[in-house]
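**Q** If it helps, the file is called final_20.tsv and holds TSV, C-alpha atoms and all ligand atoms:
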```tsv
chain	number	residue	atom	x	y	z
A	1	MET	CA	130.17	90.89	119.63
A	2	ALA	CA	127.11	93.05	120.15
A	3	PRO	CA	123.80	91.15	119.88
A	4	ASP	CA	122.13	93.99	117.99
A	5	ALA	CA	124.42	94.34	114.97
A	6	LEU	CA	122.73	95.58	111.80
A	7	VAL	CA	125.41	93.94	109.65
A	8	ARG	CA	127.71	91.19	110.84
A	9	LEU	CA	130.51	89.50	108.92
A	10	GLN	CA	131.41	86.14	110.45
A	11	LYS	CA	134.81	84.80	109.42
A	12	VAL	CA	134.27	85.97	105.86
A	13	SER	CA	136.97	84.87	103.42
A	14	LYS	CA	137.14	85.45	99.69
A	15	VAL	CA	139.69	83.64	97.56
A	16	PHE	CA	139.47	84.64	93.90
A	17	PRO	CA	140.11	82.20	91.05
A	18	GLY	CA	143.86	82.11	90.67
A	19	GLY	CA	144.32	82.10	94.42
A	20	VAL	CA	144.37	85.84	95.27
A	21	VAL	CA	143.08	86.26	98.81
A	22	GLY	CA	140.72	89.25	98.86
A	23	LEU	CA	139.41	88.72	102.39
A	24	ASP	CA	140.84	86.51	105.13
A	25	ALA	CA	138.43	85.56	107.95
A	26	VAL	CA	137.03	89.07	108.39
A	27	GLU	CA	134.99	89.66	111.55
A	28	LEU	CA	132.99	92.89	111.57
A	29	ASP	CA	129.93	94.24	113.37
A	30	ILE	CA	128.14	97.37	112.21
A	31	ALA	CA	125.52	98.79	114.59
A	32	PRO	CA	122.24	100.41	113.50
A	33	GLY	CA	122.86	104.09	112.78
A	34	GLU	CA	126.61	103.60	112.76
A	35	PHE	CA	128.74	105.36	110.15
A	36	LEU	CA	131.72	103.09	109.62
A	37	THR	CA	134.73	103.82	107.43
A	38	LEU	CA	137.13	101.20	106.10
A	39	LEU	CA	140.59	102.67	105.66
A	40	GLY	CA	143.52	100.81	104.18
A	41	PRO	CA	145.99	100.57	101.32
A	42	SER	CA	145.00	99.81	97.74
A	43	GLY	CA	144.17	96.13	97.32
A	44	CYS	CA	143.54	95.42	101.02
A	45	GLY	CA	139.95	94.32	100.43
A	46	LYS	CA	137.73	97.37	101.00
A	47	THR	CA	135.72	97.04	97.78
A	48	THR	CA	135.54	93.26	98.17
A	49	SER	CA	134.05	93.70	101.67
A	50	LEU	CA	131.35	96.00	100.29
A	51	ARG	CA	130.62	93.64	97.39
A	52	VAL	CA	130.19	90.74	99.81
A	53	ILE	CA	127.78	92.76	101.98
A	54	ALA	CA	125.82	93.86	98.89
A	55	GLY	CA	125.74	90.33	97.48
A	56	PHE	CA	127.70	90.95	94.27
A	57	GLU	CA	130.40	88.61	95.52
A	58	SER	CA	129.76	85.41	97.46
A	59	PRO	CA	132.25	84.56	100.18
A	60	THR	CA	134.39	81.45	99.76
A	61	SER	CA	133.58	80.78	103.42
A	62	GLY	CA	131.90	82.58	106.28
A	63	ASN	CA	128.53	84.29	106.63
A	64	VAL	CA	126.89	87.68	106.19
A	65	LEU	CA	124.11	88.49	108.67
A	66	LEU	CA	121.59	91.32	108.54
A	67	GLU	CA	119.81	91.97	111.84
A	68	GLY	CA	120.69	88.43	112.88
A	69	ARG	CA	119.38	86.82	109.68
A	70	ASP	CA	121.81	84.93	107.46
A	71	ILE	CA	121.66	86.61	104.03
A	72	THR	CA	124.79	85.01	102.56
A	73	GLY	CA	122.76	83.30	99.81
A	74	LEU	CA	120.46	86.22	98.93
A	75	ARG	CA	120.78	87.99	95.58
A	76	PRO	CA	121.69	91.71	95.65
A	77	PHE	CA	118.19	92.81	94.66
A	78	ASP	CA	116.70	90.86	97.58
A	79	ARG	CA	118.86	92.65	100.15
A	80	PRO	CA	117.86	96.03	101.65
A	81	VAL	CA	121.31	97.27	100.70
A	82	ASN	CA	122.33	99.87	98.11
A	83	THR	CA	125.78	100.76	96.86
A	84	VAL	CA	127.51	103.74	95.31
A	85	PHE	CA	130.22	102.01	93.30
A	86	GLN	CA	133.79	103.24	92.96
A	87	ASP	CA	133.18	103.78	89.21
A	88	TYR	CA	129.48	104.83	89.78
A	89	ALA	CA	128.18	102.18	87.31
A	90	LEU	CA	125.45	104.49	86.00
A	91	PHE	CA	123.26	103.16	83.17
A	92	PRO	CA	124.60	105.02	80.09
A	93	HIS	CA	121.44	104.59	77.99
A	94	MET	CA	119.21	106.19	80.65
A	95	ASP	CA	118.85	109.83	81.62
A	96	VAL	CA	119.40	111.07	85.17
A	97	ALA	CA	115.80	110.56	86.34
A	98	GLU	CA	115.67	107.05	84.87
A	99	ASN	CA	118.95	106.13	86.56
A	100	VAL	CA	117.74	107.34	89.95
A	101	GLY	CA	114.26	105.81	89.55
A	102	PHE	CA	115.45	102.40	88.35
A	103	GLY	CA	115.18	100.62	91.71
A	104	LEU	CA	111.77	102.16	92.36
A	105	SER	CA	110.42	100.95	89.01
A	106	LEU	CA	111.72	97.43	89.77
A	107	ARG	CA	109.80	97.61	93.04
A	108	GLY	CA	106.62	98.51	91.20
A	109	LEU	CA	105.99	102.01	92.57
A	110	SER	CA	103.47	104.13	90.69
A	111	GLY	CA	104.79	106.69	88.21
A	112	ALA	CA	103.70	109.60	90.42
A	113	GLU	CA	105.36	108.16	93.53
A	114	GLN	CA	108.53	107.43	91.54
A	115	ALA	CA	108.66	110.99	90.20
A	116	LYS	CA	108.18	112.42	93.71
A	117	ARG	CA	110.93	110.29	95.28
A	118	VAL	CA	113.32	110.84	92.36
A	119	GLY	CA	112.75	114.61	92.64
A	120	GLU	CA	113.47	114.55	96.39
A	121	ALA	CA	116.64	112.49	95.96
A	122	LEU	CA	117.95	114.77	93.19
A	123	ASP	CA	117.10	117.83	95.31
A	124	MET	CA	119.16	116.37	98.14
A	125	VAL	CA	122.26	116.09	95.94
A	126	GLY	CA	121.71	119.47	94.23
A	127	LEU	CA	120.85	118.10	90.79
A	128	ALA	CA	117.15	118.93	90.49
A	129	ASP	CA	117.89	120.81	87.25
A	130	LYS	CA	119.57	117.76	85.62
A	131	LEU	CA	116.53	115.45	85.62
A	132	GLY	CA	116.53	114.89	81.86
A	133	ALA	CA	120.30	115.06	81.25
A	134	ARG	CA	122.16	112.13	79.74
A	135	VAL	CA	124.95	110.58	81.76
A	136	PHE	CA	127.63	111.58	79.23
A	137	GLU	CA	126.65	115.25	79.64
A	138	LEU	CA	127.55	115.22	83.34
A	139	SER	CA	130.82	116.02	85.09
A	140	GLY	CA	132.51	113.41	87.29
A	141	GLY	CA	131.19	114.96	90.48
A	142	GLN	CA	127.67	115.20	89.03
A	143	ARG	CA	127.82	111.51	88.06
A	144	GLN	CA	128.87	110.65	91.57
A	145	ARG	CA	125.89	112.57	92.96
A	146	VAL	CA	123.50	110.77	90.58
A	147	ALA	CA	124.92	107.48	91.86
A	148	LEU	CA	124.37	108.67	95.43
A	149	ALA	CA	120.78	109.69	94.66
A	150	ARG	CA	120.16	106.31	93.00
A	151	ALA	CA	121.41	104.54	96.11
A	152	ILE	CA	119.40	106.52	98.68
A	153	VAL	CA	116.13	106.72	96.78
A	154	CYS	CA	115.11	103.18	97.79
A	155	GLN	CA	115.72	104.01	101.47
A	156	PRO	CA	117.97	100.99	102.07
A	157	ARG	CA	118.72	99.63	105.56
A	158	VAL	CA	122.40	99.67	104.61
A	159	LEU	CA	124.08	102.25	102.37
A	160	LEU	CA	127.52	101.29	101.04
A	161	LEU	CA	129.76	103.97	99.60
A	162	ASP	CA	132.97	103.02	97.79
A	163	GLU	CA	135.31	106.06	97.77
A	164	PRO	CA	132.21	108.28	98.02
A	165	LEU	CA	133.88	111.68	98.17
A	166	SER	CA	136.69	111.30	95.64
A	167	ALA	CA	135.07	113.53	93.00
A	168	LEU	CA	133.22	115.97	95.28
A	169	ASP	CA	134.23	119.30	96.73
A	170	ALA	CA	133.29	120.28	100.26
B	201	LIG	N1	137.37	89.77	90.56
B	201	LIG	C1	138.61	89.61	91.06
B	201	LIG	N2	139.42	88.63	90.62
B	201	LIG	C2	140.66	88.45	91.13
B	201	LIG	N3	141.18	89.20	92.12
B	201	LIG	C3	140.42	90.21	92.58
B	201	LIG	C4	139.11	90.47	92.08
B	201	LIG	N4	138.60	91.55	92.75
B	201	LIG	C5	139.56	91.93	93.61
B	201	LIG	N5	140.65	91.13	93.53
B	201	LIG	C6	141.87	91.23	94.35
B	201	LIG	O1	141.50	91.21	95.72
B	201	LIG	C7	142.28	92.15	96.47
B	201	LIG	C8	141.37	93.15	97.14
B	201	LIG	O2	140.78	94.00	96.14
B	201	LIG	P1	139.79	95.20	96.47
B	201	LIG	O3	139.23	95.67	95.18
B	201	LIG	O4	138.83	94.75	97.52
B	201	LIG	O5	140.80	96.27	97.10
B	201	LIG	P2	140.51	97.75	97.67
B	201	LIG	O6	140.90	97.74	99.12
B	201	LIG	O7	139.14	98.17	97.34
B	201	LIG	O8	141.59	98.64	96.84
B	201	LIG	P3	141.48	100.15	96.24
B	201	LIG	O9	141.79	101.08	97.39
B	201	LIG	O10	142.56	100.16	95.21
B	201	LIG	O11	140.11	100.36	95.65
B	201	LIG	C9	143.27	92.75	95.48
B	201	LIG	O12	144.47	92.02	95.56
B	201	LIG	C10	142.60	92.53	94.14
B	201	LIG	O13	143.56	92.42	93.11
B	202	MG	MG	138.33	99.66	96.08
```
Show the structure stored in the file as structure tokens.
Ligand SMILES: Nc1ncnc2c1ncn2[C@@H]1O[C@H](COP(=O)(O)OP(=O)(O)OP(=O)(O)O)[C@@H](O)[C@H]1O
Ligand SMILES: [Mg+2]

**A**
Amino acid sequence: MAPDALVRLQKVSKVFPGGVVGLDAVELDIAPGEFLTLLGPSGCGKTTSLRVIAGFESPTSGNVLLEGRDITGLRPFDRPVNTVFQDYALFPHMDVAENVGFGLSLRGLSGAEQAKRVGEALDMVGLADKLGARVFELSGGQRQRVALARAIVCQPRVLLLDEPLSALDA
């Protein structure tokens, strides 16, 4: 295994209540700057792997390392990791700008800095004109791009994308 892995899974297993094995002793190294794709049949454990790296699921055994540091016990918010979920998981009671800015407001950025970063992120995904739109007014592909903007706006060390292109055209 490379000594300089950004993310390392060490013998990570996840057995769900009821006995379903989601992950079985997974070993995985992801290098800094690497773009890694997990490909496999439905139910093989792709989403579970991402949830374990993000901290939404704790492994039954094994460890998650970030730049050599064991982060297995850290809460999601305390990890420099952001996720675009398979179902987007946008906040339905917030408009587009509030969705994208949520992580920045948790981190205590000033209103002006938040607005600037939210504007840049929405520009990047081509939704600058949807700042004040409600989530229910958006198409599936637009929702997916809001989720992407929300994930990149905090400039995470690790960006996890679960089926990131399913609703997007080229
Ligand atoms: N919360 C849970 N409770 C019980 N079993 C679960 C839970 N989450 C996932 N599983 C099971 O773990 C296995 C892996 O699921 P996972 O969602 O990681 O698959 P996937 O590779 O992402 O599939 P897909 O391509 O359909 O999204 C499946 O058998 C699934 O039923
Ligand atoms: Mg999945």

**Q** Please report the interatomic distance between atom CA of Gln155 of chain A and atom CA of Asn99 of chain A in Å with one decimal.

**A**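 Those two atoms sit 15.4 Å apart.
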
**Q** I need the residue nearest Gly43 of chain A from this list: A:Gly119, A:Gly108, A:Gly22, A:Pro156. Use all atoms listed in the file for the distance.

**A**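 Checking each of A:Gly119, A:Gly108, A:Gly22, A:Pro156 against Gly43 of chain A, counting all atoms listed in the file, the winner is A:Gly22.
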
**Q** Would you work out the distance separating atom CA of Pro41 of chain A from atom O11 of ligand LIG 201 (chain B), expressed in Å to one decimal?

**A**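 Going from atom CA of Pro41 of chain A over to atom O11 of ligand LIG 201 (chain B) covers 8.2 Å.
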
**Q** At a cut-off of 10 Å around the point (116.2, 116.3, 90.1) (file coordinates), what residues fall inside when counting all atoms listed in the file? I'd like the answer as a list in words.

**A**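 All residues meeting the 10 Å criterion around (116.2, 116.3, 90.1) are Val96, Ala97, Val100, Ala115, Lys116, Arg117, Val118, Gly119, Glu120, Ala121, Leu122, Asp123, Met124, Val125, Gly126, Leu127, Ala128, Asp129, Lys130, Leu131, Gly132, Ala133, Val146 and Ala149 of chain A.
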
**Q** Residues around (125.4, 94.7, 111.3), cut-off 12 Å, counting all atoms listed in the file - what are they as a compact mmCIF listing (two decimals) with C-alpha atoms, in the frame of the given file?

**A**
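To be explicit, this is the file written out as point-v6.txt:
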```
# COMPACT_ATOMS: atom_id res chain seq x y z
CA MET A 1 130.17 90.89 119.63
CA ALA A 2 127.11 93.05 120.15
CA PRO A 3 123.80 91.15 119.88
CA ASP A 4 122.13 93.99 117.99
CA ALA A 5 124.42 94.34 114.97
CA LEU A 6 122.73 95.58 111.80
CA VAL A 7 125.41 93.94 109.65
CA ARG A 8 127.71 91.19 110.84
CA LEU A 9 130.51 89.50 108.92
CA GLN A 10 131.41 86.14 110.45
CA GLU A 27 134.99 89.66 111.55
CA LEU A 28 132.99 92.89 111.57
CA ASP A 29 129.93 94.24 113.37
CA ILE A 30 128.14 97.37 112.21
CA ALA A 31 125.52 98.79 114.59
CA PRO A 32 122.24 100.41 113.50
CA GLY A 33 122.86 104.09 112.78
CA GLU A 34 126.61 103.60 112.76
CA PHE A 35 128.74 105.36 110.15
CA LEU A 36 131.72 103.09 109.62
CA ILE A 53 127.78 92.76 101.98
CA ASN A 63 128.53 84.29 106.63
CA VAL A 64 126.89 87.68 106.19
CA LEU A 65 124.11 88.49 108.67
CA LEU A 66 121.59 91.32 108.54
CA GLU A 67 119.81 91.97 111.84
CA GLY A 68 120.69 88.43 112.88
CA ARG A 69 119.38 86.82 109.68
CA ASP A 70 121.81 84.93 107.46
CA ILE A 71 121.66 86.61 104.03
CA VAL A 81 121.31 97.27 100.70
CA ARG A 157 118.72 99.63 105.56
CA VAL A 158 122.40 99.67 104.61
CA LEU A 159 124.08 102.25 102.37
```

**Q** Can you work out which one of A:Cys44, A:Val12, A:Cys154, A:Leu165 has the shortest atom-to-atom distance to ligand MG 202 (chain B), counting all atoms listed in the file?

**A**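 When distances to ligand MG 202 (chain B) are compared using all atoms listed in the file, the smallest one comes from A:Cys44.
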
**Q** What's around Glu163 of chain A at 12 Å? Count all atoms listed in the file, leave out sequence neighbours fewer than 3 positions away in its own chain, and write the answer as a CSV table (one decimal) with C-alpha atoms, in the coordinates of the input.

**A**
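Saved the output as selection-v5.csv:
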```csv
chain,number,residue,atom,x,y,z
A,37,THR,CA,134.7,103.8,107.4
A,38,LEU,CA,137.1,101.2,106.1
A,39,LEU,CA,140.6,102.7,105.7
A,40,GLY,CA,143.5,100.8,104.2
A,42,SER,CA,145.0,99.8,97.7
A,46,LYS,CA,137.7,97.4,101.0
A,47,THR,CA,135.7,97.0,97.8
A,50,LEU,CA,131.4,96.0,100.3
A,83,THR,CA,125.8,100.8,96.9
A,84,VAL,CA,127.5,103.7,95.3
A,85,PHE,CA,130.2,102.0,93.3
A,86,GLN,CA,133.8,103.2,93.0
A,87,ASP,CA,133.2,103.8,89.2
A,88,TYR,CA,129.5,104.8,89.8
A,144,GLN,CA,128.9,110.6,91.6
A,148,LEU,CA,124.4,108.7,95.4
A,160,LEU,CA,127.5,101.3,101.0
A,166,SER,CA,136.7,111.3,95.6
A,167,ALA,CA,135.1,113.5,93.0
A,168,LEU,CA,133.2,116.0,95.3
```

**Q** Suppose you want the space between atom CA of Gly55 of chain A and atom CA of Arg134 of chain A; what is it in Å?

**A** 28.3 Å

**Q** A:Asn82, A:Pro92, A:Ser110, A:Ala25: which is nearest Arg51 of chain A, counting all atoms listed in the file?

**A**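 Result for the nearest residue to Arg51 of chain A: A:Asn82.
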
**Q** Using only C-alpha atoms and all ligand atoms, pick whichever of A:Gly101, A:Pro76, A:Pro164, A:Pro59 has the shortest atom-to-atom distance to ligand MG 202 (chain B).

**A**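 Smallest distance to ligand MG 202 (chain B) is found for A:Pro164.
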
**Q** When distances are computed from all atoms listed in the file, which of A:Gly45, A:Ala147, A:Lys14, A:Leu23 shows the smallest separation from ligand LIG 201 (chain B)?

**A** A:Gly45

**Q** When distances are computed from only C-alpha atoms and all ligand atoms, which of A:Glu57, A:Asp24, A:Asp162, A:Asp78 shows the smallest separation from ligand MG 202 (chain B)?

**A**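 Looking at the shortest contact to ligand MG 202 (chain B), the residue is A:Asp162.
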
**Q** Please report, as lines of an AutoDock Vina configuration file, the centre and edge lengths in Å to one decimal of an axis-aligned box covering all listed atoms of ligand LIG 201 (chain B) with 5 Å per side.

**A**
```
center_x = 140.9
center_y = 94.8
center_z = 94.8
size_x = 17.1
size_y = 22.6
size_z = 18.6
```

**Q** N, CA, C and O atoms are needed for segment 71-85 of chain A; please write them out as a PDB file, in the frame of the given file.

**A**
```
ATOM      1  N   ILE A  71     122.039  86.213 105.396  1.00  0.00           N
ATOM      2  CA  ILE A  71     121.660  86.610 104.030  1.00  0.00           C
ATOM      3  C   ILE A  71     122.727  86.220 103.017  1.00  0.00           C
ATOM      4  O   ILE A  71     122.705  86.698 101.868  1.00  0.00           O
ATOM      5  N   THR A  72     123.647  85.350 103.425  1.00  0.00           N
ATOM      6  CA  THR A  72     124.790  85.010 102.560  1.00  0.00           C
ATOM      7  C   THR A  72     124.335  84.564 101.170  1.00  0.00           C
ATOM      8  O   THR A  72     124.987  84.860 100.173  1.00  0.00           O
ATOM      9  N   GLY A  73     123.203  83.847 101.086  1.00  0.00           N
ATOM     10  CA  GLY A  73     122.760  83.300  99.810  1.00  0.00           C
ATOM     11  C   GLY A  73     121.797  84.192  99.036  1.00  0.00           C
ATOM     12  O   GLY A  73     121.367  83.834  97.939  1.00  0.00           O
ATOM     13  N   LEU A  74     121.453  85.355  99.602  1.00  0.00           N
ATOM     14  CA  LEU A  74     120.460  86.220  98.930  1.00  0.00           C
ATOM     15  C   LEU A  74     121.089  86.995  97.781  1.00  0.00           C
ATOM     16  O   LEU A  74     122.220  87.461  97.869  1.00  0.00           O
ATOM     17  N   ARG A  75     120.309  87.180  96.707  1.00  0.00           N
ATOM     18  CA  ARG A  75     120.780  87.990  95.580  1.00  0.00           C
ATOM     19  C   ARG A  75     120.789  89.478  95.983  1.00  0.00           C
ATOM     20  O   ARG A  75     120.037  89.888  96.872  1.00  0.00           O
ATOM     21  N   PRO A  76     121.602  90.282  95.292  1.00  0.00           N
ATOM     22  CA  PRO A  76     121.690  91.710  95.650  1.00  0.00           C
ATOM     23  C   PRO A  76     120.325  92.396  95.719  1.00  0.00           C
ATOM     24  O   PRO A  76     120.037  93.131  96.662  1.00  0.00           O
ATOM     25  N   PHE A  77     119.481  92.124  94.730  1.00  0.00           N
ATOM     26  CA  PHE A  77     118.190  92.810  94.660  1.00  0.00           C
ATOM     27  C   PHE A  77     117.300  92.452  95.859  1.00  0.00           C
ATOM     28  O   PHE A  77     116.430  93.233  96.251  1.00  0.00           O
ATOM     29  N   ASP A  78     117.525  91.285  96.459  1.00  0.00           N
ATOM     30  CA  ASP A  78     116.700  90.860  97.580  1.00  0.00           C
ATOM     31  C   ASP A  78     117.230  91.332  98.933  1.00  0.00           C
ATOM     32  O   ASP A  78     116.673  90.976  99.972  1.00  0.00           O
ATOM     33  N   ARG A  79     118.312  92.106  98.914  1.00  0.00           N
ATOM     34  CA  ARG A  79     118.860  92.650 100.150  1.00  0.00           C
ATOM     35  C   ARG A  79     118.494  94.129 100.272  1.00  0.00           C
ATOM     36  O   ARG A  79     118.526  94.849  99.271  1.00  0.00           O
ATOM     37  N   PRO A  80     118.171  94.602 101.487  1.00  0.00           N
ATOM     38  CA  PRO A  80     117.860  96.030 101.650  1.00  0.00           C
ATOM     39  C   PRO A  80     119.148  96.851 101.746  1.00  0.00           C
ATOM     40  O   PRO A  80     119.396  97.564 102.720  1.00  0.00           O
ATOM     41  N   VAL A  81     119.962  96.689 100.727  1.00  0.00           N
ATOM     42  CA  VAL A  81     121.310  97.270 100.700  1.00  0.00           C
ATOM     43  C   VAL A  81     121.493  97.971  99.362  1.00  0.00           C
ATOM     44  O   VAL A  81     121.129  97.405  98.330  1.00  0.00           O
ATOM     45  N   ASN A  82     122.002  99.192  99.368  1.00  0.00           N
ATOM     46  CA  ASN A  82     122.330  99.870  98.110  1.00  0.00           C
ATOM     47  C   ASN A  82     123.764 100.369  98.137  1.00  0.00           C
ATOM     48  O   ASN A  82     124.300 100.668  99.200  1.00  0.00           O
ATOM     49  N   THR A  83     124.354 100.453  96.961  1.00  0.00           N
ATOM     50  CA  THR A  83     125.780 100.760  96.860  1.00  0.00           C
ATOM     51  C   THR A  83     126.022 101.906  95.892  1.00  0.00           C
ATOM     52  O   THR A  83     125.395 101.967  94.835  1.00  0.00           O
ATOM     53  N   VAL A  84     126.923 102.798  96.269  1.00  0.00           N
ATOM     54  CA  VAL A  84     127.510 103.740  95.310  1.00  0.00           C
ATOM     55  C   VAL A  84     128.866 103.158  94.953  1.00  0.00           C
ATOM     56  O   VAL A  84     129.752 103.076  95.799  1.00  0.00           O
ATOM     57  N   PHE A  85     129.009 102.718  93.707  1.00  0.00           N
ATOM     58  CA  PHE A  85     130.220 102.010  93.300  1.00  0.00           C
ATOM     59  C   PHE A  85     131.367 102.990  93.050  1.00  0.00           C
ATOM     60  O   PHE A  85     131.151 104.150  92.719  1.00  0.00           O
TER      61      PHE A  85
END
```
